[in-house]
Every structure is written in structure tokens, then in C-alpha cells.
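Data file: structure-v4.pdb. Format and content: PDB, C-alpha atoms, pLDDT in the B column.
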```pdb
ATOM      1  CA  MET A   1      20.774  24.924  88.657  1.00 57.00           C
ATOM      2  CA  ASP A   2      20.579  23.183  85.291  1.00 65.00           C
ATOM      3  CA  PHE A   3      23.183  22.713  82.557  1.00 61.00           C
ATOM      4  CA  TYR A   4      22.037  25.939  80.856  1.00 64.00           C
ATOM      5  CA  ASP A   5      22.884  27.941  84.003  1.00 74.00           C
ATOM      6  CA  PHE A   6      26.278  26.272  84.366  1.00 78.00           C
ATOM      7  CA  LYS A   7      27.063  26.975  80.712  1.00 81.00           C
ATOM      8  CA  ASN A   8      26.143  30.649  81.057  1.00 82.00           C
ATOM      9  CA  ALA A   9      28.173  30.995  84.252  1.00 86.00           C
ATOM     10  CA  PHE A  10      31.226  29.389  82.652  1.00 87.00           C
ATOM     11  CA  PHE A  11      31.052  31.722  79.653  1.00 85.00           C
ATOM     12  CA  ILE A  12      30.753  34.758  81.910  1.00 84.00           C
ATOM     13  CA  GLY A  13      33.991  33.653  83.570  1.00 87.00           C
ATOM     14  CA  PHE A  14      35.582  33.103  80.153  1.00 86.00           C
ATOM     15  CA  PHE A  15      34.753  36.604  78.926  1.00 82.00           C
ATOM     16  CA  MET A  16      35.759  38.165  82.244  1.00 83.00           C
ATOM     17  CA  ALA A  17      39.265  36.781  81.790  1.00 83.00           C
ATOM     18  CA  PHE A  18      39.666  38.989  78.711  1.00 77.00           C
ATOM     19  CA  MET A  19      38.591  42.237  80.335  1.00 75.00           C
ATOM     20  CA  ILE A  20      41.562  44.499  79.674  1.00 65.00           C
ATOM     21  CA  GLY A  21      43.093  46.206  82.685  1.00 71.00           C
ATOM     22  CA  PRO A  22      46.058  46.203  85.088  1.00 73.00           C
ATOM     23  CA  VAL A  23      45.332  42.647  86.273  1.00 83.00           C
ATOM     24  CA  PHE A  24      45.307  41.327  82.702  1.00 81.00           C
ATOM     25  CA  PHE A  25      48.724  42.774  81.868  1.00 79.00           C
ATOM     26  CA  MET A  26      50.228  42.018  85.262  1.00 83.00           C
ATOM     27  CA  LEU A  27      49.268  38.361  84.843  1.00 87.00           C
ATOM     28  CA  ILE A  28      50.937  38.150  81.435  1.00 83.00           C
ATOM     29  CA  GLN A  29      53.970  40.083  82.636  1.00 80.00           C
ATOM     30  CA  THR A  30      54.378  37.838  85.697  1.00 84.00           C
ATOM     31  CA  SER A  31      54.070  34.696  83.591  1.00 87.00           C
ATOM     32  CA  ILE A  32      56.767  35.859  81.171  1.00 83.00           C
ATOM     33  CA  ILE A  33      59.200  37.178  83.789  1.00 80.00           C
ATOM     34  CA  LYS A  34      58.651  34.848  86.742  1.00 84.00           C
ATOM     35  CA  GLY A  35      57.104  31.734  85.212  1.00 86.00           C
ATOM     36  CA  ALA A  36      53.785  29.902  85.290  1.00 88.00           C
ATOM     37  CA  ARG A  37      53.810  29.038  89.009  1.00 91.00           C
ATOM     38  CA  ALA A  38      54.324  32.664  90.000  1.00 91.00           C
ATOM     39  CA  ALA A  39      51.537  33.761  87.656  1.00 92.00           C
ATOM     40  CA  ILE A  40      49.171  31.141  89.108  1.00 94.00           C
ATOM     41  CA  ALA A  41      49.941  32.378  92.644  1.00 94.00           C
ATOM     42  CA  PHE A  42      49.190  35.934  91.515  1.00 94.00           C
ATOM     43  CA  ASP A  43      45.977  34.817  89.786  1.00 95.00           C
ATOM     44  CA  LEU A  44      44.731  32.975  92.877  1.00 95.00           C
ATOM     45  CA  GLY A  45      45.073  36.259  94.768  1.00 94.00           C
ATOM     46  CA  VAL A  46      43.030  37.990  92.069  1.00 94.00           C
ATOM     47  CA  ILE A  47      40.315  35.339  92.366  1.00 95.00           C
ATOM     48  CA  LEU A  48      40.251  35.755  96.157  1.00 95.00           C
ATOM     49  CA  GLY A  49      39.641  39.469  95.549  1.00 92.00           C
ATOM     50  CA  ASP A  50      36.739  38.601  93.240  1.00 93.00           C
ATOM     51  CA  LEU A  51      35.342  36.196  95.832  1.00 93.00           C
ATOM     52  CA  ALA A  52      35.500  38.935  98.487  1.00 92.00           C
ATOM     53  CA  PHE A  53      33.637  41.315  96.158  1.00 89.00           C
ATOM     54  CA  ILE A  54      30.997  38.658  95.389  1.00 90.00           C
ATOM     55  CA  LEU A  55      30.342  38.139  99.103  1.00 90.00           C
ATOM     56  CA  ILE A  56      30.190  41.902  99.708  1.00 87.00           C
ATOM     57  CA  ALA A  57      27.836  42.386  96.750  1.00 84.00           C
ATOM     58  CA  TYR A  58      25.599  39.466  97.745  1.00 84.00           C
ATOM     59  CA  TYR A  59      25.269  40.125 101.465  1.00 84.00           C
ATOM     60  CA  GLY A  60      25.321  43.901 101.006  1.00 79.00           C
ATOM     61  CA  SER A  61      22.422  43.759  98.563  1.00 71.00           C
ATOM     62  CA  ARG A  62      20.503  40.885 100.141  1.00 69.00           C
ATOM     63  CA  SER A  63      17.664  43.094 101.370  1.00 69.00           C
ATOM     64  CA  LEU A  64      17.433  44.655  97.916  1.00 63.00           C
ATOM     65  CA  LEU A  65      17.354  41.201  96.328  1.00 63.00           C
ATOM     66  CA  GLU A  66      14.474  40.226  98.589  1.00 63.00           C
ATOM     67  CA  LYS A  67      12.583  43.345  97.507  1.00 60.00           C
ATOM     68  CA  ILE A  68      13.225  42.568  93.843  1.00 56.00           C
ATOM     69  CA  LYS A  69      11.328  39.308  94.278  1.00 55.00           C
ATOM     70  CA  ASP A  70       8.250  41.311  95.300  1.00 53.00           C
ATOM     71  CA  ASP A  71       8.824  44.391  93.135  1.00 59.00           C
ATOM     72  CA  PRO A  72      10.272  43.522  89.699  1.00 60.00           C
ATOM     73  CA  ARG A  73      10.643  47.226  88.918  1.00 61.00           C
ATOM     74  CA  LEU A  74      13.763  47.196  91.097  1.00 61.00           C
ATOM     75  CA  PHE A  75      15.466  45.203  88.349  1.00 66.00           C
ATOM     76  CA  PHE A  76      15.986  48.687  86.946  1.00 73.00           C
ATOM     77  CA  ILE A  77      18.684  49.361  89.563  1.00 69.00           C
ATOM     78  CA  GLY A  78      20.791  46.347  88.683  1.00 66.00           C
ATOM     79  CA  GLY A  79      20.355  47.022  84.968  1.00 73.00           C
ATOM     80  CA  LEU A  80      21.442  50.613  85.435  1.00 77.00           C
ATOM     81  CA  VAL A  81      24.610  49.522  87.266  1.00 72.00           C
ATOM     82  CA  LEU A  82      25.567  47.199  84.397  1.00 73.00           C
ATOM     83  CA  ILE A  83      24.761  49.779  81.715  1.00 82.00           C
ATOM     84  CA  ILE A  84      26.857  52.467  83.427  1.00 81.00           C
ATOM     85  CA  TYR A  85      29.758  50.057  83.887  1.00 73.00           C
ATOM     86  CA  GLY A  86      29.377  48.967  80.254  1.00 77.00           C
ATOM     87  CA  LEU A  87      29.391  52.556  79.011  1.00 84.00           C
ATOM     88  CA  ILE A  88      32.524  53.323  81.031  1.00 76.00           C
ATOM     89  CA  THR A  89      34.216  50.229  79.584  1.00 70.00           C
ATOM     90  CA  TYR A  90      33.078  51.068  76.032  1.00 77.00           C
ATOM     91  CA  LEU A  91      34.070  54.746  76.143  1.00 80.00           C
ATOM     92  CA  GLU A  92      37.361  54.256  77.988  1.00 70.00           C
ATOM     93  CA  LYS A  93      40.367  54.858  75.773  1.00 64.00           C
ATOM     94  CA  GLU A  94      43.603  53.259  76.866  1.00 55.00           C
ATOM     95  CA  ASN A  95      46.459  52.119  74.677  1.00 46.00           C
ATOM     96  CA  LYS A  96      48.857  49.288  75.381  1.00 45.00           C
ATOM     97  CA  LYS A  97      51.655  51.544  76.656  1.00 47.00           C
ATOM     98  CA  GLU A  98      49.342  53.158  79.225  1.00 45.00           C
ATOM     99  CA  ALA A  99      48.072  49.754  80.358  1.00 48.00           C
ATOM    100  CA  LEU A 100      51.593  48.368  80.749  1.00 46.00           C
ATOM    101  CA  ALA A 101      52.662  51.503  82.593  1.00 43.00           C
ATOM    102  CA  SER A 102      49.762  51.067  85.011  1.00 43.00           C
ATOM    103  CA  VAL A 103      50.903  47.589  86.015  1.00 43.00           C
ATOM    104  CA  ASN A 104      54.455  48.722  86.631  1.00 44.00           C
ATOM    105  CA  ILE A 105      53.316  50.293  89.914  1.00 39.00           C
ATOM    106  CA  VAL A 106      53.415  46.726  91.284  1.00 43.00           C
ATOM    107  CA  ASN A 107      57.003  45.554  91.252  1.00 44.00           C
ATOM    108  CA  VAL A 108      57.581  41.853  90.704  1.00 41.00           C
ATOM    109  CA  PRO A 109      60.226  40.677  93.197  1.00 44.00           C
ATOM    110  CA  ILE A 110      63.529  39.374  91.884  1.00 45.00           C
ATOM    111  CA  GLN A 111      63.114  36.087  93.778  1.00 55.00           C
ATOM    112  CA  ASN A 112      59.838  34.240  93.477  1.00 65.00           C
ATOM    113  CA  ASN A 113      57.835  34.811  96.630  1.00 83.00           C
ATOM    114  CA  TYR A 114      54.489  33.156  95.973  1.00 88.00           C
ATOM    115  CA  LEU A 115      52.822  34.581  99.072  1.00 91.00           C
ATOM    116  CA  LYS A 116      53.754  38.138  98.082  1.00 90.00           C
ATOM    117  CA  LEU A 117      52.521  37.560  94.542  1.00 90.00           C
ATOM    118  CA  PHE A 118      49.266  36.145  95.936  1.00 94.00           C
ATOM    119  CA  ILE A 119      48.783  39.211  98.153  1.00 92.00           C
ATOM    120  CA  LYS A 120      49.624  41.580  95.281  1.00 89.00           C
ATOM    121  CA  GLY A 121      47.098  39.853  93.057  1.00 90.00           C
ATOM    122  CA  PHE A 122      44.458  40.241  95.741  1.00 93.00           C
ATOM    123  CA  PHE A 123      45.086  43.924  96.392  1.00 88.00           C
ATOM    124  CA  LEU A 124      45.546  44.909  92.744  1.00 84.00           C
ATOM    125  CA  ASN A 125      42.066  43.506  92.102  1.00 85.00           C
ATOM    126  CA  PHE A 126      40.484  44.614  95.383  1.00 83.00           C
ATOM    127  CA  ILE A 127      41.405  48.298  95.023  1.00 78.00           C
ATOM    128  CA  ASN A 128      39.423  48.475  91.767  1.00 74.00           C
ATOM    129  CA  VAL A 129      35.976  49.707  92.826  1.00 71.00           C
ATOM    130  CA  GLY A 130      34.725  49.101  89.291  1.00 73.00           C
ATOM    131  CA  VAL A 131      35.085  45.352  89.908  1.00 80.00           C
ATOM    132  CA  LEU A 132      32.706  45.640  92.869  1.00 79.00           C
ATOM    133  CA  ALA A 133      30.212  47.519  90.681  1.00 77.00           C
ATOM    134  CA  PHE A 134      30.460  44.746  88.083  1.00 80.00           C
ATOM    135  CA  TRP A 135      29.805  41.997  90.620  1.00 86.00           C
ATOM    136  CA  LEU A 136      26.957  43.967  92.164  1.00 81.00           C
ATOM    137  CA  GLY A 137      25.256  44.179  88.784  1.00 79.00           C
ATOM    138  CA  ILE A 138      25.753  40.448  88.169  1.00 83.00           C
ATOM    139  CA  VAL A 139      24.406  39.560  91.634  1.00 83.00           C
ATOM    140  CA  LEU A 140      21.303  41.687  91.049  1.00 77.00           C
ATOM    141  CA  LEU A 141      20.871  40.062  87.656  1.00 76.00           C
ATOM    142  CA  ILE A 142      21.346  36.440  88.727  1.00 81.00           C
ATOM    143  CA  GLY A 143      19.879  36.356  92.246  1.00 77.00           C
ATOM    144  CA  PRO A 144      16.188  36.735  91.316  1.00 73.00           C
ATOM    145  CA  THR A 145      16.493  34.407  88.300  1.00 77.00           C
ATOM    146  CA  LEU A 146      17.706  31.648  90.665  1.00 80.00           C
ATOM    147  CA  LYS A 147      14.760  32.371  92.999  1.00 76.00           C
ATOM    148  CA  MET A 148      17.108  33.604  95.717  1.00 73.00           C
ATOM    149  CA  ASN A 149      18.331  30.049  96.338  1.00 81.00           C
ATOM    150  CA  GLN A 150      21.599  30.680  98.179  1.00 82.00           C
ATOM    151  CA  THR A 151      23.105  27.308  97.240  1.00 86.00           C
ATOM    152  CA  ALA A 152      22.287  27.796  93.555  1.00 87.00           C
ATOM    153  CA  ILE A 153      23.671  31.340  93.647  1.00 87.00           C
ATOM    154  CA  PHE A 154      26.969  30.218  95.187  1.00 88.00           C
ATOM    155  CA  TRP A 155      27.268  27.351  92.694  1.00 90.00           C
ATOM    156  CA  TYR A 156      26.632  29.823  89.871  1.00 91.00           C
ATOM    157  CA  PHE A 157      29.334  32.231  90.988  1.00 93.00           C
ATOM    158  CA  GLY A 158      31.667  29.346  91.783  1.00 92.00           C
ATOM    159  CA  THR A 159      31.280  28.213  88.170  1.00 93.00           C
ATOM    160  CA  ILE A 160      32.057  31.748  86.972  1.00 93.00           C
ATOM    161  CA  LEU A 161      35.294  31.756  88.979  1.00 94.00           C
ATOM    162  CA  VAL A 162      36.229  28.292  87.701  1.00 94.00           C
ATOM    163  CA  GLY A 163      35.692  29.447  84.105  1.00 93.00           C
ATOM    164  CA  TYR A 164      37.722  32.573  84.847  1.00 93.00           C
ATOM    165  CA  PHE A 165      40.598  30.602  86.395  1.00 94.00           C
ATOM    166  CA  MET A 166      40.704  27.981  83.614  1.00 94.00           C
ATOM    167  CA  THR A 167      40.833  30.721  80.981  1.00 93.00           C
ATOM    168  CA  ASP A 168      43.582  32.479  82.935  1.00 93.00           C
ATOM    169  CA  LEU A 169      45.597  29.241  82.939  1.00 93.00           C
ATOM    170  CA  GLY A 170      45.428  29.317  79.148  1.00 91.00           C
ATOM    171  CA  LYS A 171      46.570  32.945  79.172  1.00 89.00           C
ATOM    172  CA  ILE A 172      49.453  32.095  81.493  1.00 90.00           C
ATOM    173  CA  PHE A 173      50.796  29.325  79.258  1.00 88.00           C
ATOM    174  CA  LEU A 174      50.277  31.417  76.106  1.00 86.00           C
ATOM    175  CA  ALA A 175      51.558  34.639  77.677  1.00 81.00           C
ATOM    176  CA  LYS A 176      54.312  35.374  75.156  1.00 72.00           C
ATOM    177  CA  GLN A 177      51.981  34.972  72.181  1.00 75.00           C
ATOM    178  CA  LEU A 178      49.265  37.063  73.844  1.00 71.00           C
ATOM    179  CA  LYS A 179      51.660  39.882  74.691  1.00 68.00           C
ATOM    180  CA  SER A 180      52.807  40.193  71.084  1.00 69.00           C
ATOM    181  CA  LYS A 181      49.207  40.254  69.814  1.00 70.00           C
ATOM    182  CA  MET A 182      47.796  42.747  72.336  1.00 64.00           C
ATOM    183  CA  THR A 183      48.205  45.812  70.156  1.00 69.00           C
ATOM    184  CA  ALA A 184      46.390  49.064  70.967  1.00 70.00           C
ATOM    185  CA  PRO A 185      43.642  48.481  68.323  1.00 76.00           C
ATOM    186  CA  VAL A 186      43.011  44.942  69.627  1.00 71.00           C
ATOM    187  CA  ILE A 187      42.786  46.169  73.224  1.00 68.00           C
ATOM    188  CA  LEU A 188      40.340  48.902  72.233  1.00 73.00           C
ATOM    189  CA  ARG A 189      38.231  46.407  70.254  1.00 76.00           C
ATOM    190  CA  VAL A 190      38.068  43.966  73.169  1.00 71.00           C
ATOM    191  CA  LYS A 191      37.043  46.762  75.545  1.00 73.00           C
ATOM    192  CA  LYS A 192      34.261  47.877  73.210  1.00 81.00           C
ATOM    193  CA  ILE A 193      32.949  44.314  72.865  1.00 79.00           C
ATOM    194  CA  MET A 194      32.952  43.853  76.646  1.00 74.00           C
ATOM    195  CA  GLY A 195      31.222  47.212  77.068  1.00 78.00           C
ATOM    196  CA  ILE A 196      28.498  46.246  74.586  1.00 84.00           C
ATOM    197  CA  LEU A 197      27.952  42.882  76.319  1.00 77.00           C
ATOM    198  CA  LEU A 198      27.566  44.610  79.685  1.00 75.00           C
ATOM    199  CA  ILE A 199      25.140  47.183  78.238  1.00 83.00           C
ATOM    200  CA  VAL A 200      23.028  44.438  76.620  1.00 82.00           C
ATOM    201  CA  SER A 201      22.971  42.523  79.918  1.00 74.00           C
ATOM    202  CA  GLY A 202      21.831  45.682  81.689  1.00 76.00           C
ATOM    203  CA  VAL A 203      19.033  46.259  79.185  1.00 82.00           C
ATOM    204  CA  ILE A 204      17.862  42.643  79.548  1.00 75.00           C
ATOM    205  CA  LEU A 205      17.860  43.051  83.332  1.00 69.00           C
ATOM    206  CA  MET A 206      15.727  46.189  83.040  1.00 75.00           C
ATOM    207  CA  LEU A 207      13.289  44.441  80.714  1.00 76.00           C
ATOM    208  CA  LYS A 208      12.845  41.648  83.254  1.00 68.00           C
ATOM    209  CA  GLY A 209      11.073  44.157  85.466  1.00 63.00           C
ATOM    210  CA  PHE A 210       8.447  45.015  82.863  1.00 64.00           C
ATOM    211  CA  ILE A 211       8.090  41.911  80.672  1.00 61.00           C
ATOM    212  CA  PRO A 212       6.742  38.584  82.008  1.00 52.00           C
ATOM    213  CA  ASN A 213       9.569  36.075  82.531  1.00 51.00           C
ATOM    214  CA  GLU A 214       7.992  33.546  80.173  1.00 48.00           C
ATOM    215  CA  LYS A 215       8.001  35.965  77.238  1.00 49.00           C
ATOM    216  CA  LEU A 216      11.481  37.316  77.952  1.00 46.00           C
ATOM    217  CA  ASP A 217      13.010  33.852  78.422  1.00 50.00           C
ATOM    218  CA  GLY A 218      11.385  32.697  75.181  1.00 49.00           C
ATOM    219  CA  PHE A 219      12.791  35.706  73.344  1.00 42.00           C
ATOM    220  CA  ILE A 220      16.310  35.087  74.727  1.00 43.00           C
ATOM    221  CA  GLN A 221      16.215  31.407  73.767  1.00 47.00           C
ATOM    222  CA  MET A 222      15.054  32.281  70.232  1.00 44.00           C
ATOM    223  CA  SER A 223      17.928  34.726  69.827  1.00 44.00           C
ATOM    224  CA  GLU A 224      20.561  32.151  70.865  1.00 47.00           C
TER     225      GLU A 224
END
```

Could you render the structure from this file as C-alpha cells?
Amino acid sequence: MDFYDFKNAFFIGFFMAFMIGPVFFMLIQTSIIKGARAAIAFDLGVILGDLAFILIAYYGSRSLLEKIKDDPRLFFIGGLVLIIYGLITYLEKENKKEALASVNIVNVPIQNNYLKLFIKGFFLNFINVGVLAFWLGIVLLIGPTLKMNQTAIFWYFGTILVGYFMTDLGKIFLAKQLKSKMTAPVILRVKKIMGILLIVSGVILMLKGFIPNEKLDGFIQMSE
């Protein structure tokens, strides 16, 4: 992995931290009500859920990843997963009240119990099948570009999680300001941006199957 890969991985983690959903609002709510330490415990549980999904996506699709190396047309599958997930994210309509109501199904205990908050963070993330679909698309996108080097792949996803966690720390310490600014129009705008980014990533993944890597990489670098 070079610096370019680390930079991309970190920014993926950064943008992931702003994907609007129950985990996003639960993190802010926990930080405001229970404090930063409680929110960090909850967030570590969320990250463990992501790590579990990454391992499931990687080892569950390993045979497919090996085939992709020999048949680039199978990039189409990973691209399709990302496009579908992006379309769902883009078309989903959810206002702030609905989002806050959805996180109220997880009751924050009166006394800080960091283990319980950790477990709740894990399960609140792990029960979201859409998160698994997201990680599956990213694994299918990244694996072949890193030449199926397991060490490089794990470093890449480790960097994503570090970027995600560091951004969440910022959210935790700025929770009150974020909560006041997360109006329904802002939430909808963020969702649409994330949906577009996922769709674009899916299209790029599909193109990798039909355009030589040298030409596609040159095009991507010119557009940056």
C-alpha cells in the first residue's frame, strides 16, 4: 500500500462517519446524555460490528475475489451492489424526527454501564444488513486493486476504521452543535450526497471490468 491508498481509505472512513442512520443519532444522543466516555464505548461496539462485517464480506467472497482476478467482468457484481445500495440511500426519505424515533428503541441506561453500551453499539450496527452489503461492495472494489494481498487489504480496511473512529471522536465532542444543525433538509442532503458517491463508486467498479486498468487509473487521476 502506498500513501495514495492510505489517503483514500482514510477519506472513506471519514465519509462513512456521516452516513445518517440510527447509529449516527444514537452516538450523538449518548454523548449528550451520558458523556464522551459512554459515547466512545458505544462507538467501539459499532466499530466491532463493522469489523465483523468486513471479515464476513472478505472471507465470504474470497472465492469470488479470486475469480475476479481471472475474469474482470465479475467486477460488474461488486459495482451492482454499490449502485443498488447507493440508490437506496439516495431515494430514502427520512426526516430528523423519524431518525430520532428509530434510535429510541435502544434505551440508554440511567447509570453508565460501558459494557452494555459497547454491546448495544455492536448489535445496533450488526442488525443492519445494509451495512454488510456496503462492506461487501467495498471489499469487491478494493480486493482486486490491491492484487488480493491479504496484508494490504487488512491495512486498507484498518485505515478506514481508524478514519471512521477519529471522525466519530470529533462528532462526540461536538455533539451538541451537531444535533442543533441536523435539520431534516441537511439530513436529506447528506443522504443524497452519500448515495451519489456510492453510485459513482459502483460505476467505476463496473468500468474496471471493461476498461484497461492503465486507462481507467489515468482517467481517475486526471479527474482528481

What separates atom CA of A:Lys120 and atom CA of A:Val46 is a distance of 8.2 Å

Between A:Tyr59, A:Phe42, A:Phe24, A:Tyr90, smallest distance to A:Lys191 by all atoms listed in the file belongs to A:Tyr90

Using all atoms listed in the file: which of A:Leu198, A:Leu161, A:Ala41, A:Ala57 has the shortest distance to A:Val129: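 Using all atoms listed in the file, A:Val129 sits closest to A:Ala57.
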
- Task: Measuring atom to atom with only C-alpha atoms, identify which of A:Ile172, A:Ile84, A:Leu141, A:Leu136 is nearest to A:Ile54.
- Result: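 Looking at the shortest contact to A:Ile54, the residue is A:Leu136.
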
Exercise for review: Just give me the residues with any atom within 12 Å of (22.4, 37.4, 89.7), file coordinates, counting only C-alpha atoms, written as a VMD selection string.
Suggested key: chain A and resid 5 8 to 9 12 54 57 to 58 61 to 62 65 68 75 78 to 79 82 134 to 150 152 to 157 160 201 to 202 205

One decimal, Å: what's the distance from atom CA of A:Gly158 over to atom CA of A:Gln29, could you say?
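Here the two named atoms are 26.4 Å from each other.
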
Please determine, counting only C-alpha atoms, which residue among A:Val162, A:Gly35, A:Tyr85, A:Phe76 has the shortest atom-to-atom distance to A:Phe10.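 Of the candidates, the smallest distance to A:Phe10 is held by A:Val162.
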
Shortest contact to A:Leu27, candidates A:Leu169, A:Leu51, A:Ile88, A:Val131, atoms counted only C-alpha atoms, goes to A:Leu169

Report as a compact mmCIF listing (two decimals) with C-alpha atoms, keeping the file's coordinate frame the full result of the PyMOL selection byres ((chain A and resi 125) around 12) when it is applied to this structure.
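Saved result, out21.txt, follows:
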```txt
# COMPACT_ATOMS: atom_id res chain seq x y z
CA GLY A 21 43.09 46.21 82.68
CA PRO A 22 46.06 46.20 85.09
CA VAL A 23 45.33 42.65 86.27
CA PHE A 24 45.31 41.33 82.70
CA MET A 26 50.23 42.02 85.26
CA LEU A 27 49.27 38.36 84.84
CA PHE A 42 49.19 35.93 91.52
CA ASP A 43 45.98 34.82 89.79
CA LEU A 44 44.73 32.98 92.88
CA GLY A 45 45.07 36.26 94.77
CA VAL A 46 43.03 37.99 92.07
CA ILE A 47 40.32 35.34 92.37
CA LEU A 48 40.25 35.76 96.16
CA GLY A 49 39.64 39.47 95.55
CA ASP A 50 36.74 38.60 93.24
CA LEU A 51 35.34 36.20 95.83
CA ALA A 52 35.50 38.94 98.49
CA PHE A 53 33.64 41.32 96.16
CA VAL A 103 50.90 47.59 86.02
CA VAL A 106 53.42 46.73 91.28
CA PHE A 118 49.27 36.15 95.94
CA ILE A 119 48.78 39.21 98.15
CA LYS A 120 49.62 41.58 95.28
CA GLY A 121 47.10 39.85 93.06
CA PHE A 122 44.46 40.24 95.74
CA PHE A 123 45.09 43.92 96.39
CA LEU A 124 45.55 44.91 92.74
CA PHE A 126 40.48 44.61 95.38
CA ILE A 127 41.40 48.30 95.02
CA ASN A 128 39.42 48.48 91.77
CA VAL A 129 35.98 49.71 92.83
CA GLY A 130 34.72 49.10 89.29
CA VAL A 131 35.08 45.35 89.91
CA LEU A 132 32.71 45.64 92.87
```

Would you kindly return, as a compact mmCIF listing (two decimals) with C-alpha atoms, in the frame of the given file, each protein, DNA or RNA residue with an atom no farther than 10 Å from any atom of A:Leu91, considering all atoms listed in the file and excluding same-chain residues fewer than 3 positions away?
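So the final result, stored in part05.txt, reads:
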```txt
# COMPACT_ATOMS: atom_id res chain seq x y z
CA GLY A 86 29.38 48.97 80.25
CA LEU A 87 29.39 52.56 79.01
CA ILE A 88 32.52 53.32 81.03
CA GLU A 94 43.60 53.26 76.87
CA LEU A 188 40.34 48.90 72.23
CA LYS A 191 37.04 46.76 75.54
CA LYS A 192 34.26 47.88 73.21
CA GLY A 195 31.22 47.21 77.07
```

Apply the PyMOL selection byres ((chain A and resi 16) around 10) to the file shown and report the selected residues as a count of residues only.
18

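Of the residues listed (A:Thr89, A:Ile28, A:Leu115, A:Leu80), A:Thr89 shows the shortest atom-to-atom separation from A:Ile193; distances use only C-alpha atoms.
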
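The two atoms in question, atom CA of A:Ile40 and atom CA of A:Leu178, are spaced 16.4 Å apart.
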